[in-house]
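The structure file data-v7.pdb is reproduced below (PDB, C-alpha atoms and all ligand atoms).
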```pdb
ATOM      1  CA  MET A   1       1.231  50.512 -14.465
ATOM      2  CA  SER A   2       3.938  51.926 -16.662
ATOM      3  CA  ARG A   3       4.279  50.600 -20.163
ATOM      4  CA  PHE A   4       7.692  49.168 -19.169
ATOM      5  CA  ASP A   5       6.169  46.830 -16.583
ATOM      6  CA  ARG A   6       5.976  43.998 -19.056
ATOM      7  CA  PHE A   7       9.794  43.995 -19.188
ATOM      8  CA  ARG A   8      10.058  43.462 -15.438
ATOM      9  CA  ALA A   9      10.630  40.001 -14.057
ATOM     10  CA  PRO A  10       8.582  38.884 -11.022
ATOM     11  CA  ILE A  11      11.741  39.033  -8.938
ATOM     12  CA  LYS A  12      11.243  42.785  -8.689
ATOM     13  CA  ASN A  13       8.361  42.093  -6.322
ATOM     14  CA  ALA A  14      10.566  40.064  -4.003
ATOM     15  CA  ARG A  15      13.484  42.513  -3.748
ATOM     16  CA  GLY A  16      13.675  44.332  -0.459
ATOM     17  CA  LEU A  17      11.217  42.022   1.275
ATOM     18  CA  GLY A  18      11.792  39.441   3.974
ATOM     19  CA  SER A  19      12.389  39.965   7.673
ATOM     20  CA  ALA A  20      15.835  41.472   7.116
ATOM     21  CA  LYS A  21      14.589  43.680   4.229
ATOM     22  CA  ASP A  22      17.236  42.206   1.956
ATOM     23  CA  GLY A  23      14.889  40.112  -0.163
ATOM     24  CA  VAL A  24      16.534  37.198  -1.907
ATOM     25  CA  HIS A  25      20.082  38.496  -1.523
ATOM     26  CA  HIS A  26      21.009  35.910   1.122
ATOM     27  CA  PHE A  27      19.678  33.086  -1.039
ATOM     28  CA  ILE A  28      21.574  34.278  -4.108
ATOM     29  CA  VAL A  29      24.931  34.737  -2.362
ATOM     30  CA  GLN A  30      24.569  31.291  -0.755
ATOM     31  CA  ARG A  31      24.164  29.851  -4.275
ATOM     32  CA  ILE A  32      26.994  31.873  -5.826
ATOM     33  CA  THR A  33      29.418  30.750  -3.121
ATOM     34  CA  ALA A  34      28.106  27.178  -3.512
ATOM     35  CA  VAL A  35      28.928  27.179  -7.242
ATOM     36  CA  ALA A  36      32.366  28.630  -6.510
ATOM     37  CA  LEU A  37      32.999  25.975  -3.842
ATOM     38  CA  LEU A  38      31.777  23.243  -6.141
ATOM     39  CA  PHE A  39      34.864  23.846  -8.303
ATOM     40  CA  LEU A  40      37.308  25.168  -5.712
ATOM     41  CA  ALA A  41      36.732  22.186  -3.395
ATOM     42  CA  ILE A  42      37.802  19.738  -6.124
ATOM     43  CA  TYR A  43      40.931  21.788  -6.625
ATOM     44  CA  VAL A  44      41.783  22.073  -2.924
ATOM     45  CA  VAL A  45      41.180  18.371  -2.242
ATOM     46  CA  GLY A  46      43.438  17.581  -5.232
ATOM     47  CA  LEU A  47      46.139  19.890  -3.867
ATOM     48  CA  VAL A  48      45.986  18.385  -0.376
ATOM     49  CA  VAL A  49      46.025  14.821  -1.727
ATOM     50  CA  THR A  50      49.172  15.511  -3.778
ATOM     51  CA  LEU A  51      50.766  16.979  -0.632
ATOM     52  CA  ALA A  52      49.895  14.021   1.625
ATOM     53  CA  GLY A  53      53.135  12.950   3.285
ATOM     54  CA  ALA A  54      55.116  15.884   1.843
ATOM     55  CA  ASP A  55      57.756  17.597   4.000
ATOM     56  CA  TYR A  56      57.531  21.178   5.256
ATOM     57  CA  ALA A  57      59.482  22.822   2.416
ATOM     58  CA  THR A  58      57.419  21.067  -0.264
ATOM     59  CA  ALA A  59      54.090  21.964   1.349
ATOM     60  CA  ARG A  60      55.158  25.558   1.795
ATOM     61  CA  ALA A  61      56.481  25.863  -1.744
ATOM     62  CA  ALA A  62      53.215  24.482  -3.125
ATOM     63  CA  VAL A  63      51.130  27.059  -1.233
ATOM     64  CA  ALA A  64      53.595  29.801  -2.237
ATOM     65  CA  HIS A  65      53.070  29.121  -5.952
ATOM     66  CA  PRO A  66      51.067  32.139  -7.230
ATOM     67  CA  ALA A  67      48.332  30.068  -8.901
ATOM     68  CA  ASN A  68      47.824  27.964  -5.778
ATOM     69  CA  ALA A  69      47.944  30.995  -3.485
ATOM     70  CA  VAL A  70      45.282  32.851  -5.481
ATOM     71  CA  LEU A  71      42.968  29.839  -5.736
ATOM     72  CA  LEU A  72      43.451  29.053  -2.043
ATOM     73  CA  VAL A  73      42.467  32.598  -1.090
ATOM     74  CA  ALA A  74      39.407  32.325  -3.358
ATOM     75  CA  PHE A  75      38.510  29.022  -1.669
ATOM     76  CA  LEU A  76      38.937  30.480   1.820
ATOM     77  CA  LEU A  77      36.797  33.556   1.098
ATOM     78  CA  ALA A  78      34.027  31.511  -0.549
ATOM     79  CA  MET A  79      34.117  28.909   2.231
ATOM     80  CA  PHE A  80      33.886  31.299   5.186
ATOM     81  CA  TRP A  81      31.247  33.426   3.466
ATOM     82  CA  HIS A  82      29.164  30.353   2.612
ATOM     83  CA  ALA A  83      29.632  28.943   6.120
ATOM     84  CA  GLN A  84      28.480  32.195   7.745
ATOM     85  CA  LEU A  85      25.352  32.366   5.562
ATOM     86  CA  GLY A  86      24.603  28.687   6.190
ATOM     87  CA  LEU A  87      25.074  28.827   9.960
ATOM     88  CA  GLN A  88      22.948  31.980  10.043
ATOM     89  CA  VAL A  89      19.984  29.972   8.714
ATOM     90  CA  VAL A  90      20.597  27.150  11.176
ATOM     91  CA  ILE A  91      20.576  29.632  14.079
ATOM     92  CA  GLU A  92      17.445  31.346  12.730
ATOM     93  CA  ASP A  93      15.733  27.952  12.688
ATOM     94  CA  TYR A  94      16.639  26.736  16.172
ATOM     95  CA  VAL A  95      17.507  29.679  18.436
ATOM     96  CA  HIS A  96      14.400  31.658  19.358
ATOM     97  CA  THR A  97      15.507  33.440  22.527
ATOM     98  CA  PRO A  98      16.113  36.978  21.202
ATOM     99  CA  TRP A  99      19.330  37.841  23.079
ATOM    100  CA  LEU A 100      20.782  34.374  22.491
ATOM    101  CA  ALA A 101      19.935  34.540  18.787
ATOM    102  CA  ILE A 102      21.696  37.883  18.370
ATOM    103  CA  ALA A 103      24.664  36.752  20.450
ATOM    104  CA  SER A 104      25.143  33.564  18.433
ATOM    105  CA  GLN A 105      24.732  35.358  15.088
ATOM    106  CA  LEU A 106      27.394  37.853  16.166
ATOM    107  CA  ALA A 107      29.683  35.065  17.396
ATOM    108  CA  VAL A 108      29.381  33.171  14.094
ATOM    109  CA  ARG A 109      30.043  36.299  12.046
ATOM    110  CA  PHE A 110      33.042  37.340  14.107
ATOM    111  CA  ALA A 111      34.479  33.810  14.036
ATOM    112  CA  CYS A 112      34.051  33.499  10.250
ATOM    113  CA  VAL A 113      35.535  36.921   9.523
ATOM    114  CA  LEU A 114      38.468  36.358  11.897
ATOM    115  CA  ALA A 115      39.202  32.885  10.512
ATOM    116  CA  ALA A 116      38.958  34.215   6.950
ATOM    117  CA  LEU A 117      41.347  37.091   7.712
ATOM    118  CA  ALA A 118      43.799  34.877   9.606
ATOM    119  CA  SER A 119      43.909  32.170   6.926
ATOM    120  CA  VAL A 120      44.215  34.616   4.006
ATOM    121  CA  PHE A 121      46.955  36.441   5.904
ATOM    122  CA  ALA A 122      48.754  33.107   6.379
ATOM    123  CA  VAL A 123      48.601  32.317   2.645
ATOM    124  CA  VAL A 124      49.841  35.811   1.761
ATOM    125  CA  ARG A 125      52.720  35.475   4.240
ATOM    126  CA  ILE A 126      53.700  32.146   2.700
ATOM    127  CA  ALA A 127      53.365  33.453  -0.867
ATOM    128  CA  LEU A 128      55.490  36.510  -0.099
ATOM    129  CA  GLY A 129      58.000  34.394   1.816
ATOM    130  CA  THR A 130      57.961  36.293   5.103
TER     131      THR A 130
ATOM    132  CA  MET B   1       9.712  38.487  26.119
ATOM    133  CA  SER B   2       6.824  36.116  26.849
ATOM    134  CA  GLN B   3       6.253  33.509  24.161
ATOM    135  CA  PRO B   4       2.581  32.935  23.326
ATOM    136  CA  VAL B   5       1.717  29.232  23.198
ATOM    137  CA  ARG B   6       0.873  28.531  19.581
ATOM    138  CA  PRO B   7      -0.173  25.276  17.981
ATOM    139  CA  LEU B   8       2.730  23.603  16.193
ATOM    140  CA  SER B   9       2.591  21.854  12.852
ATOM    141  CA  PRO B  10       3.114  18.069  13.014
ATOM    142  CA  HIS B  11       6.755  17.535  13.785
ATOM    143  CA  LEU B  12       9.389  14.987  12.813
ATOM    144  CA  GLN B  13       8.177  12.153  15.008
ATOM    145  CA  VAL B  14       4.890  11.674  13.116
ATOM    146  CA  TYR B  15       6.622  10.821   9.852
ATOM    147  CA  ARG B  16       7.799   7.438   8.615
ATOM    148  CA  TRP B  17      11.516   7.569   7.829
ATOM    149  CA  GLN B  18      12.271   8.050   4.190
ATOM    150  CA  ILE B  19      15.355   8.872   2.152
ATOM    151  CA  GLN B  20      14.265  12.501   1.582
ATOM    152  CA  MET B  21      14.465  13.218   5.310
ATOM    153  CA  VAL B  22      17.861  11.574   5.598
ATOM    154  CA  THR B  23      19.393  13.587   2.747
ATOM    155  CA  SER B  24      17.987  16.849   4.076
ATOM    156  CA  ILE B  25      19.207  16.283   7.628
ATOM    157  CA  LEU B  26      22.605  15.133   6.384
ATOM    158  CA  HIS B  27      23.037  18.293   4.302
ATOM    159  CA  ARG B  28      22.579  20.431   7.397
ATOM    160  CA  GLY B  29      24.714  18.125   9.531
ATOM    161  CA  THR B  30      27.581  18.030   7.047
ATOM    162  CA  GLY B  31      27.323  21.813   6.554
ATOM    163  CA  ILE B  32      27.887  22.284  10.292
ATOM    164  CA  ILE B  33      30.755  19.745  10.315
ATOM    165  CA  LEU B  34      32.403  21.551   7.384
ATOM    166  CA  ALA B  35      32.017  24.898   9.145
ATOM    167  CA  VAL B  36      33.875  23.501  12.172
ATOM    168  CA  GLY B  37      36.458  21.993   9.831
ATOM    169  CA  SER B  38      36.982  25.350   8.124
ATOM    170  CA  VAL B  39      38.407  26.721  11.371
ATOM    171  CA  LEU B  40      40.856  23.788  11.483
ATOM    172  CA  ILE B  41      41.914  24.621   7.895
ATOM    173  CA  ALA B  42      42.595  28.201   8.971
ATOM    174  CA  ALA B  43      44.629  26.943  11.942
ATOM    175  CA  ALA B  44      46.650  24.578   9.738
ATOM    176  CA  LEU B  45      47.496  27.384   7.290
ATOM    177  CA  ALA B  46      48.519  29.659  10.151
ATOM    178  CA  CYS B  47      50.862  26.895  11.373
ATOM    179  CA  LEU B  48      52.314  26.425   7.885
ATOM    180  CA  ALA B  49      53.062  30.153   7.812
ATOM    181  CA  ALA B  50      54.490  30.114  11.355
ATOM    182  CA  GLY B  51      57.288  27.626  10.658
ATOM    183  CA  PRO B  52      58.461  23.992  10.621
ATOM    184  CA  GLU B  53      57.869  23.357  14.349
ATOM    185  CA  ALA B  54      54.250  24.502  14.227
ATOM    186  CA  TRP B  55      53.756  22.519  11.020
ATOM    187  CA  ALA B  56      55.225  19.379  12.634
ATOM    188  CA  CYS B  57      52.508  19.788  15.241
ATOM    189  CA  VAL B  58      49.857  19.782  12.490
ATOM    190  CA  THR B  59      51.226  16.726  10.667
ATOM    191  CA  GLY B  60      51.685  14.939  14.000
ATOM    192  CA  LEU B  61      48.027  15.533  14.888
ATOM    193  CA  ALA B  62      46.837  14.703  11.363
ATOM    194  CA  GLY B  63      48.773  11.420  11.429
ATOM    195  CA  SER B  64      47.441  10.242  14.808
ATOM    196  CA  TRP B  65      44.484   7.864  14.790
ATOM    197  CA  PHE B  66      42.244  10.636  16.008
ATOM    198  CA  GLY B  67      43.503  13.033  13.344
ATOM    199  CA  LEU B  68      42.994  10.446  10.622
ATOM    200  CA  LEU B  69      39.467   9.849  11.881
ATOM    201  CA  VAL B  70      38.730  13.592  11.724
ATOM    202  CA  LEU B  71      40.250  13.867   8.234
ATOM    203  CA  PHE B  72      38.312  10.855   7.030
ATOM    204  CA  GLY B  73      35.066  12.200   8.497
ATOM    205  CA  TRP B  74      35.698  15.623   7.022
ATOM    206  CA  THR B  75      36.309  14.076   3.588
ATOM    207  CA  TRP B  76      32.988  12.276   3.756
ATOM    208  CA  ALA B  77      31.183  15.404   4.989
ATOM    209  CA  LEU B  78      32.617  17.399   2.083
ATOM    210  CA  ALA B  79      31.850  14.629  -0.442
ATOM    211  CA  TYR B  80      28.262  14.354   0.766
ATOM    212  CA  HIS B  81      27.646  18.113   1.015
ATOM    213  CA  TRP B  82      29.278  18.580  -2.393
ATOM    214  CA  ILE B  83      27.224  16.021  -4.280
ATOM    215  CA  ASN B  84      23.995  16.879  -2.451
ATOM    216  CA  GLY B  85      24.813  20.576  -2.969
ATOM    217  CA  ILE B  86      24.853  19.930  -6.712
ATOM    218  CA  ARG B  87      21.421  18.349  -6.312
ATOM    219  CA  HIS B  88      20.232  21.424  -4.390
ATOM    220  CA  LEU B  89      21.439  23.666  -7.204
ATOM    221  CA  LEU B  90      19.705  21.519  -9.832
ATOM    222  CA  GLN B  91      16.513  21.641  -7.779
ATOM    223  CA  ASP B  92      16.868  25.431  -7.537
ATOM    224  CA  ALA B  93      16.830  25.326 -11.347
ATOM    225  CA  GLY B  94      13.549  23.414 -11.146
ATOM    226  CA  LEU B  95      14.872  19.946 -11.947
ATOM    227  CA  GLY B  96      14.242  16.603 -10.282
ATOM    228  CA  TYR B  97      10.974  17.138  -8.448
ATOM    229  CA  SER B  98       9.036  13.964  -9.230
ATOM    230  CA  ILE B  99       8.888  11.574  -6.293
ATOM    231  CA  ALA B 100      10.727   8.878  -8.238
ATOM    232  CA  GLN B 101      13.546  11.280  -9.112
ATOM    233  CA  PHE B 102      13.699  12.473  -5.514
ATOM    234  CA  VAL B 103      14.183   8.969  -4.189
ATOM    235  CA  ARG B 104      16.660   7.986  -6.914
ATOM    236  CA  ASN B 105      18.740  11.174  -6.497
ATOM    237  CA  GLY B 106      18.707  10.721  -2.737
ATOM    238  CA  TRP B 107      20.328   7.326  -3.077
ATOM    239  CA  ILE B 108      22.785   8.701  -5.632
ATOM    240  CA  THR B 109      23.977  11.343  -3.163
ATOM    241  CA  VAL B 110      24.299   8.919  -0.241
ATOM    242  CA  ILE B 111      26.093   6.180  -2.172
ATOM    243  CA  GLY B 112      28.012   8.692  -4.311
ATOM    244  CA  SER B 113      29.410  10.379  -1.201
ATOM    245  CA  LEU B 114      30.769   7.035   0.027
ATOM    246  CA  VAL B 115      32.278   6.288  -3.386
ATOM    247  CA  ILE B 116      33.990   9.702  -3.572
ATOM    248  CA  THR B 117      35.365   9.311  -0.037
ATOM    249  CA  GLY B 118      36.703   5.874  -0.951
ATOM    250  CA  LEU B 119      38.318   7.196  -4.129
ATOM    251  CA  VAL B 120      40.023  10.130  -2.370
ATOM    252  CA  TRP B 121      41.422   7.911   0.383
ATOM    253  CA  GLY B 122      42.369   5.251  -2.132
ATOM    254  CA  VAL B 123      44.568   7.810  -3.871
ATOM    255  CA  VAL B 124      45.986   9.073  -0.549
ATOM    256  CA  ILE B 125      46.876   5.548   0.594
ATOM    257  CA  SER B 126      48.282   4.511  -2.794
ATOM    258  CA  ARG B 127      50.567   7.559  -2.624
ATOM    259  CA  GLY B 128      51.913   6.512   0.761
ATOM    260  CA  GLY B 129      49.411   8.264   3.037
ATOM    261  CA  PHE B 130      50.048  11.047   5.513
ATOM    262  CA  ALA B 131      53.479  11.037   7.106
TER     263      ALA B 131
HETATM  264  C1  LIG A 201      33.774  23.427   2.621
HETATM  265  C2  LIG A 201      32.943  24.306   2.549
HETATM  266  C3  LIG A 201      31.470  24.325   2.899
HETATM  267  C4  LIG A 201      30.918  24.685   4.109
HETATM  268  C5  LIG A 201      31.673  25.082   5.375
HETATM  269  C6  LIG A 201      29.473  24.636   3.941
HETATM  270  C7  LIG A 201      28.554  24.942   4.932
HETATM  271  C8  LIG A 201      27.194  25.009   4.758
HETATM  272  C9  LIG A 201      26.216  25.239   5.792
HETATM  273  C10 LIG A 201      26.514  25.442   7.280
HETATM  274  C11 LIG A 201      24.983  25.246   5.213
HETATM  275  C12 LIG A 201      23.632  25.451   5.906
HETATM  276  C13 LIG A 201      22.897  24.149   6.006
HETATM  277  C14 LIG A 201      21.429  24.323   6.266
HETATM  278  O1  LIG A 201      20.893  25.449   6.204
HETATM  279  O2  LIG A 201      20.769  23.319   6.526
HETATM  280  C15 LIG A 201      25.168  25.050   3.799
HETATM  281  C16 LIG A 201      24.136  25.049   2.855
HETATM  282  C17 LIG A 201      24.321  24.854   1.501
HETATM  283  N1  LIG A 201      25.484  24.435   0.877
HETATM  284 FE1  LIG A 201      27.309  24.367   1.754
HETATM  285  N2  LIG A 201      29.179  24.256   2.649
HETATM  286  C18 LIG A 201      30.371  24.045   1.988
HETATM  287  C19 LIG A 201      30.512  23.604   0.680
HETATM  288  C20 LIG A 201      29.482  23.527  -0.264
HETATM  289  C21 LIG A 201      29.627  23.097  -1.644
HETATM  290  C22 LIG A 201      30.937  22.619  -2.277
HETATM  291  C23 LIG A 201      28.401  23.200  -2.229
HETATM  292  C24 LIG A 201      27.961  22.950  -3.643
HETATM  293  C25 LIG A 201      28.161  21.976  -4.386
HETATM  294  C26 LIG A 201      27.462  23.671  -1.219
HETATM  295  C27 LIG A 201      26.104  23.899  -1.424
HETATM  296  C28 LIG A 201      25.221  24.312  -0.481
HETATM  297  C29 LIG A 201      23.833  24.680  -0.743
HETATM  298  C30 LIG A 201      23.139  24.684  -2.105
HETATM  299  C31 LIG A 201      23.275  25.024   0.492
HETATM  300  C32 LIG A 201      21.845  25.494   0.769
HETATM  301  C33 LIG A 201      21.002  24.349   1.186
HETATM  302  C34 LIG A 201      19.640  24.759   1.649
HETATM  303  O3  LIG A 201      19.122  25.806   1.232
HETATM  304  O4  LIG A 201      19.037  24.011   2.433
HETATM  305  N3  LIG A 201      28.153  23.850  -0.026
HETATM  306  N4  LIG A 201      26.522  24.884   3.548
END
```
Can you turn what I pasted into structure tokens?
Ligand code: HEM
Amino acid sequence: MSRFDRFRAPIKNARGLGSAKDGVHHFIVQRITAVALLFLAIYVVGLVVTLAGADYATARAAVAHPANAVLLVAFLLAMFWHAQLGLQVVIEDYVHTPWLAIASQLAVRFACVLAALASVFAVVRIALGT
Amino acid sequence: MSQPVRPLSPHLQVYRWQIQMVTSILHRGTGIILAVGSVLIAAALACLAAGPEAWACVTGLAGSWFGLLVLFGWTWALAYHWINGIRHLLQDAGLGYSIAQFVRNGWITVIGSLVITGLVWGVVISRGGFA
């Protein structure tokens, strides 16, 4: 017992534990992305609703606007990150055949990363007008 | 790897249905629906970047009865997951654990999700809907 122990929160005892040795990191990132999505989803739904029925040039110009482009990229990153973490838990709960569990975790990760890269690249292309 | 046969804890079928089970299952269900929808969002953005023809394909699909059904379902999934997600976050902060609060908040999320979906589509339709 060091005399500094009384300054330590109980969370110290949980860090680094768990089957993946990453403690509560997964839980925390799932919550951080949830809070981000809580706000970003309102914004994105609002943007899409205002664009309902708009023609191609209008839709493209809206996404090209710097503020929209930045917030859209933030939404996409938070969404795919949150989705990967969430699906990971679902697979952990239901898929118990070792090779199938690893294969589906890999598939979900690759799909989320690819979709995140492709959609961010699309927004950047639109914003830069190429 | 051989799986040892272990006793299982009582499973779903031994419980009487109650709102807490519905909200929990729906959160997982809508999370999975939203994850599938996220890939469609990525595809739509890629089409918007690709040009007017690809985008016409997206609006054509979105405007078909099937597309509208998917969009409507996705809106509800997001509304439900959003409002129940807020409840999850409040519960993570230690709030709302009495049985009465649990039941009340469960009904708030279910009915609230329908209200939000109605509001969003009300605005869409009042603005002329999807072309
Ligand atoms: C559109 C983007 C979203 C996607 C694709 C998504 C997807 C998912 C998935 C697949 C899960 C796992 C479900 C489970 O383990 O049963 C999950 C869990 C969760 N989501 Fe989302 N979600 C999204 C938006 C949101 C928003 C806006 C919020 C917050 C208001 C939120 C809050 C949460 C929370 C707190 C959990 C953890 C629930 C638990 O521990 O059981 N999500 N999400």
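The spacing separating CA of Ser126 in chain B from CA of Thr50 in chain A amounts to 11.1 Å.
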Practice item. With the file shown as input, list the residues that the PyMOL selection byres (((not hetatm)) within 7 of (chain A and resi 201)) selects, as a PyMOL selection string. Key: (chain A and resi 30-31+34-35+37-38+41+79-80+82-83+86-87+89-90) or (chain B and resi 27-28+31-32+34-35+38+78+81-86+88-89)
Practice item. Taking the file as shown, find all residues satisfying the PyMOL selection byres ((chain B) within 10 of (chain A and not hetatm)) and write them as an MDAnalysis selection string. Key: chainID B and resid 1 3 28 31:32 34:36 38:53 55:56 59 63 75 78:79 81:83 85:86 88:89 92 120:121 123:125 127:131
Exercise for review: Step by step, work through what the PyMOL selection byres (((chain B and resi 22) around 12) and not hetatm) selects in the shown file, and finish by giving those residues as a PyMOL selection string.
Suggested key: chain B and resi 12+16-21+23-30+80+84+102-103+106-107+109-110
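Using only C-alpha atoms for every distance, the candidate list A:Ile32, A:Ala67, A:Ala62, A:His26 yields A:His26 as the residue closest to Gln88 in chain A.
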Review point. What gap, in Å, lies between CA of Ile99 in chain B and CA of Ile111 in chain B?
Key: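 Distance reported for this atom pair: 18.5 Å.
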Edge lengths and centre, in Å to one decimal, as JSON: that's what I need for the box along x, y and z that holds all listed atoms of range 16-26 of chain B plus 3 Å on each side.
```
{"center_x": 15.2, "center_y": 12.1, "center_z": 5.1, "size_x": 20.8, "size_y": 15.4, "size_z": 13.0}
```
Exercise for review: Kindly give the distance, in Å, that separates CA of Arg6 in chain B and CA of Ile102 in chain A, rounded to a single decimal.
Suggested key: 22.9 Å
Skipping near chain neighbours, those fewer than 5 positions away, what residues fall within 8 Å of Ile91 in chain A using all atoms listed in the file, listed as a PDB file with C-alpha atoms, keeping the file's coordinate frame?
```pdb
ATOM      1  CA  ALA A 101      19.935  34.540  18.787  1.00  0.00           C
ATOM      2  CA  SER A 104      25.143  33.564  18.433  1.00  0.00           C
ATOM      3  CA  GLN A 105      24.732  35.358  15.088  1.00  0.00           C
TER       4      GLN A 105
END
```
Missing atoms in range 59-71 of chain B need filling: write out N, CA and C atoms for it as a JSON list (two decimals), in the frame of the given file.
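What landed in out_4.json:
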```json
[["chain", "number", "residue", "atom", "x", "y", "z"],
["B", 59, "THR", "N", 51.10, 18.05, 11.30],
["B", 59, "THR", "CA", 51.23, 16.73, 10.67],
["B", 59, "THR", "C", 51.19, 15.63, 11.72],
["B", 60, "GLY", "N", 51.74, 15.92, 12.92],
["B", 60, "GLY", "CA", 51.68, 14.94, 14.00],
["B", 60, "GLY", "C", 50.24, 14.64, 14.38],
["B", 61, "LEU", "N", 49.44, 15.71, 14.56],
["B", 61, "LEU", "CA", 48.03, 15.53, 14.89],
["B", 61, "LEU", "C", 47.29, 14.83, 13.76],
["B", 62, "ALA", "N", 47.55, 15.27, 12.52],
["B", 62, "ALA", "CA", 46.84, 14.70, 11.36],
["B", 62, "ALA", "C", 47.16, 13.22, 11.21],
["B", 63, "GLY", "N", 48.37, 12.81, 11.60],
["B", 63, "GLY", "CA", 48.77, 11.42, 11.43],
["B", 63, "GLY", "C", 48.34, 10.50, 12.56],
["B", 64, "SER", "N", 47.89, 11.09, 13.69],
["B", 64, "SER", "CA", 47.44, 10.24, 14.81],
["B", 64, "SER", "C", 46.12, 9.58, 14.42],
["B", 65, "TRP", "N", 45.74, 8.56, 15.17],
["B", 65, "TRP", "CA", 44.48, 7.86, 14.79],
["B", 65, "TRP", "C", 43.30, 8.81, 14.89],
["B", 66, "PHE", "N", 43.35, 9.70, 15.87],
["B", 66, "PHE", "CA", 42.24, 10.64, 16.01],
["B", 66, "PHE", "C", 42.22, 11.62, 14.84],
["B", 67, "GLY", "N", 43.41, 12.10, 14.47],
["B", 67, "GLY", "CA", 43.50, 13.03, 13.34],
["B", 67, "GLY", "C", 43.02, 12.40, 12.05],
["B", 68, "LEU", "N", 43.43, 11.14, 11.84],
["B", 68, "LEU", "CA", 42.99, 10.45, 10.62],
["B", 68, "LEU", "C", 41.48, 10.27, 10.60],
["B", 69, "LEU", "N", 40.92, 10.00, 11.78],
["B", 69, "LEU", "CA", 39.47, 9.85, 11.88],
["B", 69, "LEU", "C", 38.77, 11.16, 11.51],
["B", 70, "VAL", "N", 39.31, 12.28, 12.04],
["B", 70, "VAL", "CA", 38.73, 13.59, 11.72],
["B", 70, "VAL", "C", 38.86, 13.88, 10.23],
["B", 71, "LEU", "N", 40.04, 13.62, 9.66],
["B", 71, "LEU", "CA", 40.25, 13.87, 8.23],
["B", 71, "LEU", "C", 39.32, 13.01, 7.38]]
```
